[in-house]
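Student: Below is one structure. I have some questions about it.
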Amino acid sequence: MSTRLSTGGRLIDRSRKIAFTFNGKRLTGHPGDTLASALLASGQTIMGRSFKYHRPRGVVASGAEEPNALVNLGQGKTHEPNQRATTTELFDGLTATSQNHWPSLEWDIGEVNALLPRFLPAGFYYKTFIHPRAFWKHVFEPFIRQSAGLGKAPDPKQTDPDRYEHFYAHTDVVIAGGGIAGLQAALEAGRAGAKVILCEQTAHWGGRAPVDGVEIDGKPAEDWINDTVQVLEGMENVHLRLRTMVAGVYDHGYILAYERVADHAPAADTPRHRLWRIRTARVIAATGALERPLSFPGNDKPGVMLASAMRDYITNWGVSPGDRTVVVTNNDDAYRTALAIKAAGLDVPCIVDAREEADGPLVQEARARGIRVLTGMGIANVKGLRGVVAVQLCRQAGEGAVVEDIVCDAVAMSGGWSPVVHLWSHCGGKLTWDKAGAFFRPDHDRPPTDQTGEGFVVCAGAADGALHATDCLSNASTSARNMLVSMGKPAPEAEVAKATAAHEAPLAPIWVMPQGAGPKKRSKMWLDFQNDVKVSDVQLAAREGYESVEHTKRYTTLGMATDQGKLSNINGLAVLADALGEDIPRVGTTTFRPPYTPISMGAIAGEARGEIFQPLRRTPLHDWHVDHNAYMEPVGHWRRAYCYPQKGESHRDAVNREIDATRGGLGLLDASTLGKIIVKGPDAGRFMDMLYTNMMSSLKPGKCRYGLMCSENGFLMDDGVVARIDEDTFLCHTTTGGADRIHAHMEDWLQCEWWDWKVYTANVTEQWAQIGVVGPKSRAVLEKLGTDMDLSNAALPFMGWTAGKVGGFDMRIFRIAFAGELSFEVSVPASQGRALWDALHEAGQEFGVTAYGTEAMHVMRAEKGFIMIGDETDGTVIPQDLGLDWAISKKKEDYLGKRAQERSHMTDPTRWKLVGLETLDGSVIPDGSYAVAEGVNANGQGMTQGRVTSTYYSPTLKRGIAMGLVLNGPDRMGEVIEFNTTKKPAKGETPKTVKAKIVSPVFYDPEGEKQNV
Amino acid sequence: MSDLVKSALPGARAEGLVSIEEMGLSGMVTLRVDLSAAGAAIAQVTGADMPGPRAISAGQGCHVAWMSPDELLILCDHARADAMVADLTAALEGQHHLAVNVSDARALFRVSGPGGALRDTLAKITPADMSADALPPGEMRRTRLQQVAGAIWFESETEARVICFRSVARYTFDLLAMSAKPGGAVGYH
Amino acid sequence: MLTFTCPYCGVTACEAELSPGGEAHLKRFGPGSTDEQFEDYLFLRPNVKGVHFERWRHAMGCGKWFLAARDTATLEVFGTYKAQTTEPPADIVAAIRAKRPDWSLT
């Protein structure tokens, strides 16, 4: 049973207590505790259940590598699953619940899975649930759904109340890790004058050194750490950041760092997390090393812990993980744990050392303290169901015959250490196998490279394989200095502090304990605690032909999810290599992917939520629309008024009313979103002729012309009215979504193909508020406002434009008509837009002025048979398909898209062509309907002969109207064809269709008498 | 008429780690011309020297900002913009160019406060380097403000300008206000 | 996320400030060209692993299109240059050769 020691704990403040709850139980801890240390101090050794077998699990580690102690944190709005108890700093009022169990942590019904392991071997997803088929739906799926996943997903109806943000930083050097290696590297880089950001993921500087009894320059490591941090804080070019984890290293020196600003103090008015998006020239990964578990039967039971974690709990937090702890190891470092346990006044009944000989200074010290050291031994079994009650010892060299039972309540294990090389690997750094240390370390000859082709990441200290404190500081210093030379910022000469710690004899690589264990024992040896992958699973995968480590990872789930190989990687590789009869470096490692440990979704989203989730583009008239109950629809990032429903009106009612009012008197449309691009220069006419399919160079100043723009592929990409301002200048109107795209398209051709042409463009879309003044009374309302222009049909005919004053406004007036009525599209500088809109409404009262939205606009243009980019076109349609041959110049030698339109597929006479469609019963053809044809295709699907592109109810004609692309359509006028509907047919009935007659697409005023008055 | 003429967010203001305010209407003229052959005309109309790449040079009652090798943005009083266009057009007579009033196409914000907090606030919304040596006063950085295009320059160490398109003025203002919220101090710059 | 230095305004811009434009130095074929020429111009791209000439627009900046020589496998950038050229300039070719002696402009 774990408990709080009466003394010790370098990180906790014993003078204060803070309260928290775990599974509803009220518990207390001290400031400085992690949730894991506080739970252990409260005697809570079981902290979760494993993924597959629901085995009770305790904490294994003390940091970011923890696989078991994942909890639900917070409640309701702040609930967040899968939070590591080991990296959660305790705060007053913290609430946590354990995961992956039912009905309770102590008694879980899913534990029965463990009794049926033959149903859940490696690859169980792929092979167990296939037969019999009916079992999938009724047995397997419900079972998997019930037990899948670890934590509980947050309630989608709740909104996270916290705020998050991004922060962009630019620097010379990012150092990941604030242990002694990171601090030493920062000293060197700081002295060299480089801009440095030093990130430490925990709340404390110094890493493991103070726990491991390291001395620096003859003093405790803690003194040197404090002094060094003080020196660094005094350097203007060095920025220190605690609680900030370098999560990923990306191309060209892009770094993501995850700062947990307020997780430890949630009441504060600060962003909860901050995502640092850093550009740096170099990265120093001083990320240390992680201890590996040992694979012996029962190594996953609560109470079995990494040796280093155990001395962390004792030294950092004054927590005893058990009264009697057996230490099992293949190296000298774990003896430090035995000595720490002893120093805390607790028992170490024995140290089980798998090596045949052990005689280093630490071993001698342990013996001198009276600890029994057993060499050449291993653990054959751990006894106990929900905790440890005893271990059974065996010879490491044998098959596991028990030679002795040792009563104990905790086990500290150490399989050696692996450098944390994740950040080196994220961007392609390669590794080399260190035989002596039995780990992978960075291969200095194959670093990740940046935009100049230079290596931009170095590892320093333990991350570079310098595991021993004595080598760590000098390695960090040398690594940093070499890196600084490579970036042209050599560090000044300075003495490197001397770190000392007890000498350690080499470890013995031990991958399975005991080495001759049979199948039964191997199926109790866990490699990956989180994903419940055992030695037997990896061996099975090898037997089944999984030779690649990447395939084995996916088949067995070894090292997947949050582990990313932190604890399981090397042991799993070694077992696989042994099973394949290969050596470890040949088998290689899996790919480490960012993030190093999970980062929150909130941090990724940053500020982009709520009102600023996306930029909404607003016209100068936006507020009026909102004030008048407009239903707004997105058009690109713009918000446009779709219709303005009045009390009791449906959207359709409103649209019909708006159309009737416009055709009957006066309608106003906010057309400000239309793109407006100026094209000017001596070669402007020539350029316009290349851009548009029509002849634009012949347009006279003062006139407008409707034009089509195609891509070089021949497909219609945009349309709009072009006005010629003067001999040198054109104003091109584009579609609402098209302005930026078309402006970029123009600049592309001008800059990259015809750079000798004298043409300038300017996108002036937002300079102007544009209003469609539409209907028989449109001229009257403008004249009523008072104008210095002659707006008569003679002076300003259809497709003419002019500029002058109307009601005191600086106005351009274009006589263009998208609705097929007498209409004036007027534009004024955006700053005057709202005033003009208000003035038009006031003056238009007597004409029944009505604002209309985009849907009324769509219906009216469809009544006139005008096409709409995005409705009649979809990126595969050419102007010829739409009967727009009249807008394609036959005289021009060239225009963008002309050559493509000559390709055989484009001139194929069977391309579907645009027609109008009139339903026989007056109904509206469903959107997206296809015209059905005789027969079926090779897949048994019904054949088609056309499709609907626009379909509306026309209040003007009081019936459904549509446009569509139909096989030989223009030659089939009057013919009736059938369109499918979405109505589900009754059983035995054939699917319902709707009959429509092929007609001209111009339904309203085909002679143009209404617009030309 | 003048009281009916409105900027994008008249009177918008937010206080936090720094102050943000919409500056109301200001005059802006886009001039596209071969800059290497337009120095005399620019000097004649604006009184400003031709700015070097990314620089802003001061003229008589106006500023001239370098936008690209063939584009300038001239900032002046709102009422003067049309005359500025006319003057530039006259001064560049016979030379291929495009001068156009774009005053109403944009929104302009003043962001002011202690230098470090000012640069930190801006560094929350732009990938451009906001450090003092990368963006000293007198230089304009065209970049993105999270999801929209914009430009930033410093009038002094305690006052910056942010410019964006008019339609996204609200978005940009909200971004700035969010970034300046109390409690969000970073202490990097 | 890549970075390129815009040869027009001198800004080192990150990918988020740029828009990509595909392969550089394509010769346009218009009316009068054969089907093979047009197909080659519009559709056929070698998709090289290694040195690649490509188009980028400094869209969230000065608005200019520029060209870049980049290794598609290592992401090394050998240089950027102005778009008003039909072939890679000599200094760019030399910069590539210095790093990739086996490479030749074909």
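Convention: chains lettered A, B, ... in structure tokens order; per-chain residue numbering from 1; ligands numbered from 1 as shown.
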Applying 8 Å and only C-alpha atoms, which residues near Val781 in chain A remain after dropping the ones on its own chain fewer than 4 positions away? List them as a PyMOL selection string.
Tutor: chain A and resi 777+785+840+843-844+847
Student: Could the residues in this selection be written to a file with C-alpha atoms, as a PDB file, in the first residue's frame?
Tutor:
ATOM      1  CA  LYS A 777     -39.837  52.079 -61.174  1.00  0.00           C
ATOM      2  CA  LEU A 785     -33.226  61.485 -55.680  1.00  0.00           C
ATOM      3  CA  LEU A 840     -33.201  54.653 -51.943  1.00  0.00           C
ATOM      4  CA  ALA A 843     -37.377  57.673 -51.902  1.00  0.00           C
ATOM      5  CA  GLY A 844     -38.744  54.309 -53.020  1.00  0.00           C
ATOM      6  CA  PHE A 847     -42.989  52.689 -55.514  1.00  0.00           C
TER       7      PHE A 847
END
Student: Determine which residues of chain C DSSP labels as helix (DSSP H, G or I) from the backbone of this structure, then write them out as a ChimeraX atom specification.
Tutor: /C:15-17,35-42,90-99
Student: Kindly provide, as a count of residues only, the residues of chain B having any atom no farther than 12 Å from an atom of chain C, counting only C-alpha atoms.
Tutor: 34
Student: Among chain C, which ones does DSSP assign to strand (DSSP E or B) (computed from the backbone)? Answer as an MDAnalysis selection string.
Tutor: chainID C and resid 3:5 12:14 19:23 51:57 65:71 77:82
Student: Take the selection from the previous step and output its residues with N, CA, C and O atoms, as a short mmCIF file (atom, residue, chain, number, x, y, z; two decimals), in the first residue's frame.
Tutor:
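Output (again_13.cif):
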data_model
loop_
_atom_site.label_atom_id
_atom_site.label_comp_id
_atom_site.auth_asym_id
_atom_site.auth_seq_id
_atom_site.Cartn_x
_atom_site.Cartn_y
_atom_site.Cartn_z
N THR C 3 9.48 27.41 -46.28
CA THR C 3 9.70 28.85 -46.36
C THR C 3 10.45 29.14 -47.66
O THR C 3 11.28 28.35 -48.10
N PHE C 4 10.11 30.27 -48.26
CA PHE C 4 10.82 30.73 -49.45
C PHE C 4 11.06 32.23 -49.30
O PHE C 4 10.24 32.93 -48.72
N THR C 5 12.15 32.69 -49.88
CA THR C 5 12.40 34.13 -49.88
C THR C 5 11.93 34.70 -51.21
O THR C 5 12.37 34.27 -52.28
N THR C 12 11.15 36.65 -46.33
CA THR C 12 11.14 35.19 -46.22
C THR C 12 9.76 34.80 -45.69
O THR C 12 9.43 35.05 -44.54
N ALA C 13 9.00 34.22 -46.59
CA ALA C 13 7.60 33.97 -46.27
C ALA C 13 7.40 32.49 -45.99
O ALA C 13 8.08 31.64 -46.55
N CYS C 14 6.46 32.19 -45.09
CA CYS C 14 6.15 30.79 -44.84
C CYS C 14 5.04 30.35 -45.79
O CYS C 14 4.38 31.17 -46.42
N SER C 19 0.91 30.88 -52.30
CA SER C 19 0.08 29.87 -52.98
C SER C 19 0.95 29.17 -54.00
O SER C 19 1.73 29.81 -54.71
N PRO C 20 0.80 27.86 -54.10
CA PRO C 20 1.61 27.11 -55.03
C PRO C 20 1.03 27.18 -56.45
O PRO C 20 -0.17 27.34 -56.62
N GLY C 21 1.89 27.05 -57.45
CA GLY C 21 1.41 27.14 -58.83
C GLY C 21 1.93 26.06 -59.75
O GLY C 21 1.88 26.20 -60.95
N GLY C 22 2.45 24.98 -59.17
CA GLY C 22 2.88 23.86 -60.01
C GLY C 22 4.19 24.12 -60.73
O GLY C 22 4.94 25.03 -60.40
N GLU C 23 4.43 23.31 -61.73
CA GLU C 23 5.72 23.30 -62.41
C GLU C 23 5.98 24.61 -63.16
O GLU C 23 5.08 25.19 -63.76
N VAL C 51 15.44 17.48 -58.00
CA VAL C 51 15.42 18.91 -58.33
C VAL C 51 14.19 19.25 -59.17
O VAL C 51 13.91 18.62 -60.18
N HIS C 52 13.47 20.25 -58.75
CA HIS C 52 12.21 20.62 -59.37
C HIS C 52 12.11 22.14 -59.44
O HIS C 52 12.46 22.83 -58.48
N PHE C 53 11.66 22.64 -60.58
CA PHE C 53 11.44 24.09 -60.72
C PHE C 53 9.95 24.34 -60.60
O PHE C 53 9.15 23.71 -61.30
N GLU C 54 9.58 25.25 -59.74
CA GLU C 54 8.16 25.39 -59.46
C GLU C 54 7.78 26.85 -59.24
O GLU C 54 8.62 27.70 -59.00
N ARG C 55 6.46 27.07 -59.34
CA ARG C 55 5.90 28.42 -59.24
C ARG C 55 5.26 28.63 -57.88
O ARG C 55 4.55 27.78 -57.38
N TRP C 56 5.51 29.79 -57.30
CA TRP C 56 4.83 30.17 -56.07
C TRP C 56 4.40 31.63 -56.20
O TRP C 56 5.09 32.43 -56.81
N ARG C 57 3.27 31.95 -55.59
CA ARG C 57 2.85 33.35 -55.57
C ARG C 57 2.89 33.86 -54.14
O ARG C 57 2.38 33.20 -53.22
N TRP C 65 4.34 36.54 -58.46
CA TRP C 65 4.70 35.16 -58.73
C TRP C 65 6.21 35.07 -58.77
O TRP C 65 6.86 35.94 -59.36
N PHE C 66 6.78 34.03 -58.18
CA PHE C 66 8.22 33.81 -58.34
C PHE C 66 8.46 32.32 -58.56
O PHE C 66 7.55 31.50 -58.42
N LEU C 67 9.67 32.00 -58.92
CA LEU C 67 10.01 30.61 -59.21
C LEU C 67 11.04 30.13 -58.19
O LEU C 67 11.80 30.92 -57.64
N ALA C 68 11.02 28.84 -57.94
CA ALA C 68 11.92 28.27 -56.95
C ALA C 68 12.50 26.96 -57.49
O ALA C 68 11.82 26.23 -58.22
N ALA C 69 13.74 26.70 -57.15
CA ALA C 69 14.35 25.40 -57.43
C ALA C 69 14.44 24.68 -56.10
O ALA C 69 15.03 25.19 -55.15
N ARG C 70 13.83 23.51 -56.04
CA ARG C 70 13.69 22.81 -54.76
C ARG C 70 13.86 21.32 -54.97
O ARG C 70 13.48 20.80 -56.02
N ASP C 71 14.41 20.65 -54.00
CA ASP C 71 14.49 19.19 -54.05
C ASP C 71 13.21 18.64 -53.42
O ASP C 71 12.94 18.89 -52.24
N VAL C 77 15.96 24.04 -50.66
CA VAL C 77 15.67 25.08 -51.65
C VAL C 77 17.02 25.63 -52.16
O VAL C 77 17.83 26.11 -51.37
N PHE C 78 17.23 25.51 -53.46
CA PHE C 78 18.52 25.96 -54.01
C PHE C 78 18.50 27.45 -54.32
O PHE C 78 19.55 28.07 -54.44
N GLY C 79 17.31 27.99 -54.50
CA GLY C 79 17.22 29.41 -54.77
C GLY C 79 15.85 29.77 -55.31
O GLY C 79 15.08 28.91 -55.73
N THR C 80 15.53 31.06 -55.22
CA THR C 80 14.29 31.56 -55.82
C THR C 80 14.67 32.65 -56.81
O THR C 80 15.72 33.29 -56.66
N TYR C 81 13.84 32.84 -57.82
CA TYR C 81 14.16 33.84 -58.83
C TYR C 81 12.89 34.36 -59.47
O TYR C 81 11.80 33.79 -59.30
N LYS C 82 13.03 35.47 -60.20
CA LYS C 82 11.86 36.13 -60.75
C LYS C 82 11.23 35.30 -61.87
O LYS C 82 11.91 34.52 -62.54
#
Student: Can you work out which residues from chain A touch chain B at a cut-off of 6 Å (counting only C-alpha atoms) and hand them back as a list in words?
Tutor: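 Here they are: His166, Phe167, Tyr168, His170, Asp269, Thr270, Pro615, Arg617, Arg618, Thr619, Glu766, Gln767, Ala830, Ser831, Gln832 and Ala835 of chain A.
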Student: What would the file look like if the residues just selected were written as a compact mmCIF listing (two decimals), in the first residue's frame with C-alpha atoms?
Tutor:
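Saved as part_15.txt:
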# COMPACT_ATOMS: atom_id res chain seq x y z
CA HIS A 166 -1.47 30.68 -30.95
CA PHE A 167 1.79 32.54 -30.70
CA TYR A 168 4.27 32.91 -33.54
CA HIS A 170 11.09 33.52 -34.58
CA ASP A 269 -8.18 34.73 -16.49
CA THR A 270 -5.57 33.37 -18.86
CA PRO A 615 -13.54 35.43 -41.26
CA ARG A 617 -16.93 39.06 -45.05
CA ARG A 618 -19.52 41.77 -44.53
CA THR A 619 -20.72 44.27 -47.10
CA GLU A 766 -14.28 46.41 -51.70
CA GLN A 767 -13.92 50.07 -52.70
CA ALA A 830 -18.24 51.87 -49.79
CA SER A 831 -18.28 54.63 -47.19
CA GLN A 832 -21.39 56.07 -48.86
CA ALA A 835 -26.46 56.19 -46.78
Student: Hey, which bits of chain C sit within 7 Å of chain A, and for each residue what's the closest pair of atoms and how far apart in Å (one decimal), counting only C-alpha atoms, rows by chain and increasing number, as a Markdown table?
Tutor:
| residue | atom | partner | partner_atom | distance |
| --- | --- | --- | --- | --- |
| C:Met1 | CA | A:Asp251 | CA | 5.5 |
| C:Leu2 | CA | A:His252 | CA | 5.7 |
| C:Thr3 | CA | A:His252 | CA | 6.6 |
| C:Gly30 | CA | A:Arg899 | CA | 5.3 |
| C:Pro31 | CA | A:Arg899 | CA | 4.6 |
| C:Trp65 | CA | A:Gln751 | CA | 6.8 |
| C:Leu75 | CA | A:Gln451 | CA | 6.2 |
| C:Glu76 | CA | A:Gln451 | CA | 4.3 |
| C:Val77 | CA | A:Gln451 | CA | 5.2 |
| C:Ala83 | CA | A:Cys752 | CA | 5.6 |
| C:Gln84 | CA | A:Cys752 | CA | 6.0 |
Student: Those selected residues, please, written with N, CA, C and O atoms and delivered as a PDB file, in the first residue's frame.
Tutor:
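What follows is the written file selection07.pdb:
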ATOM      1  N   MET C   1       6.223  22.878 -42.794  1.00  0.00           N
ATOM      2  CA  MET C   1       5.777  24.034 -43.557  1.00  0.00           C
ATOM      3  C   MET C   1       6.981  24.752 -44.160  1.00  0.00           C
ATOM      4  O   MET C   1       7.877  25.143 -43.450  1.00  0.00           O
ATOM      5  N   LEU C   2       6.973  24.879 -45.480  1.00  0.00           N
ATOM      6  CA  LEU C   2       8.141  25.406 -46.185  1.00  0.00           C
ATOM      7  C   LEU C   2       8.270  26.921 -46.028  1.00  0.00           C
ATOM      8  O   LEU C   2       7.307  27.610 -45.712  1.00  0.00           O
ATOM      9  N   THR C   3       9.477  27.409 -46.279  1.00  0.00           N
ATOM     10  CA  THR C   3       9.701  28.853 -46.362  1.00  0.00           C
ATOM     11  C   THR C   3      10.448  29.143 -47.663  1.00  0.00           C
ATOM     12  O   THR C   3      11.282  28.353 -48.096  1.00  0.00           O
ATOM     13  N   GLY C  30      -1.008  27.057 -77.908  1.00  0.00           N
ATOM     14  CA  GLY C  30      -2.362  27.533 -78.132  1.00  0.00           C
ATOM     15  C   GLY C  30      -2.920  26.962 -79.424  1.00  0.00           C
ATOM     16  O   GLY C  30      -2.505  25.888 -79.877  1.00  0.00           O
ATOM     17  N   PRO C  31      -3.890  27.674 -80.005  1.00  0.00           N
ATOM     18  CA  PRO C  31      -4.481  27.218 -81.270  1.00  0.00           C
ATOM     19  C   PRO C  31      -3.391  26.982 -82.312  1.00  0.00           C
ATOM     20  O   PRO C  31      -2.411  27.719 -82.368  1.00  0.00           O
ATOM     21  N   TRP C  65       4.336  36.541 -58.463  1.00  0.00           N
ATOM     22  CA  TRP C  65       4.700  35.155 -58.727  1.00  0.00           C
ATOM     23  C   TRP C  65       6.214  35.072 -58.774  1.00  0.00           C
ATOM     24  O   TRP C  65       6.865  35.943 -59.357  1.00  0.00           O
ATOM     25  N   LEU C  75      13.440  18.621 -49.625  1.00  0.00           N
ATOM     26  CA  LEU C  75      12.847  19.945 -49.434  1.00  0.00           C
ATOM     27  C   LEU C  75      13.898  21.055 -49.388  1.00  0.00           C
ATOM     28  O   LEU C  75      13.599  22.183 -49.002  1.00  0.00           O
ATOM     29  N   GLU C  76      15.126  20.732 -49.771  1.00  0.00           N
ATOM     30  CA  GLU C  76      16.152  21.766 -49.837  1.00  0.00           C
ATOM     31  C   GLU C  76      15.795  22.757 -50.945  1.00  0.00           C
ATOM     32  O   GLU C  76      15.362  22.370 -52.033  1.00  0.00           O
ATOM     33  N   VAL C  77      15.961  24.035 -50.664  1.00  0.00           N
ATOM     34  CA  VAL C  77      15.675  25.078 -51.650  1.00  0.00           C
ATOM     35  C   VAL C  77      17.015  25.625 -52.157  1.00  0.00           C
ATOM     36  O   VAL C  77      17.830  26.112 -51.365  1.00  0.00           O
ATOM     37  N   ALA C  83       9.943  35.503 -62.053  1.00  0.00           N
ATOM     38  CA  ALA C  83       9.189  34.651 -62.978  1.00  0.00           C
ATOM     39  C   ALA C  83       9.385  35.042 -64.443  1.00  0.00           C
ATOM     40  O   ALA C  83       9.020  34.283 -65.332  1.00  0.00           O
ATOM     41  N   GLN C  84       9.973  36.208 -64.687  1.00  0.00           N
ATOM     42  CA  GLN C  84      10.061  36.683 -66.072  1.00  0.00           C
ATOM     43  C   GLN C  84      11.273  36.081 -66.778  1.00  0.00           C
ATOM     44  O   GLN C  84      12.201  36.766 -67.189  1.00  0.00           O
TER      45      GLN C  84
END
Student: Just how far from CA of Asp660 in chain A is CA of Gly720 in chain A, in Å to one decimal?
Tutor: 25.3 Å
Student: As an exercise, work out the distance from CA of Thr854 in chain A to CA of Leu674 in chain A in Å and give it to one decimal place.
Tutor: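 Atom-to-atom, CA of Thr854 in chain A to CA of Leu674 in chain A, that is 12.2 Å.
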Student: Taking into account only C-alpha atoms, which residue in the set A:Asp347, A:Glu233, A:Glu495, A:Glu399 is nearest to Arg324 in chain A?
Tutor: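 Using only C-alpha atoms, Arg324 in chain A sits closest to A:Asp347.
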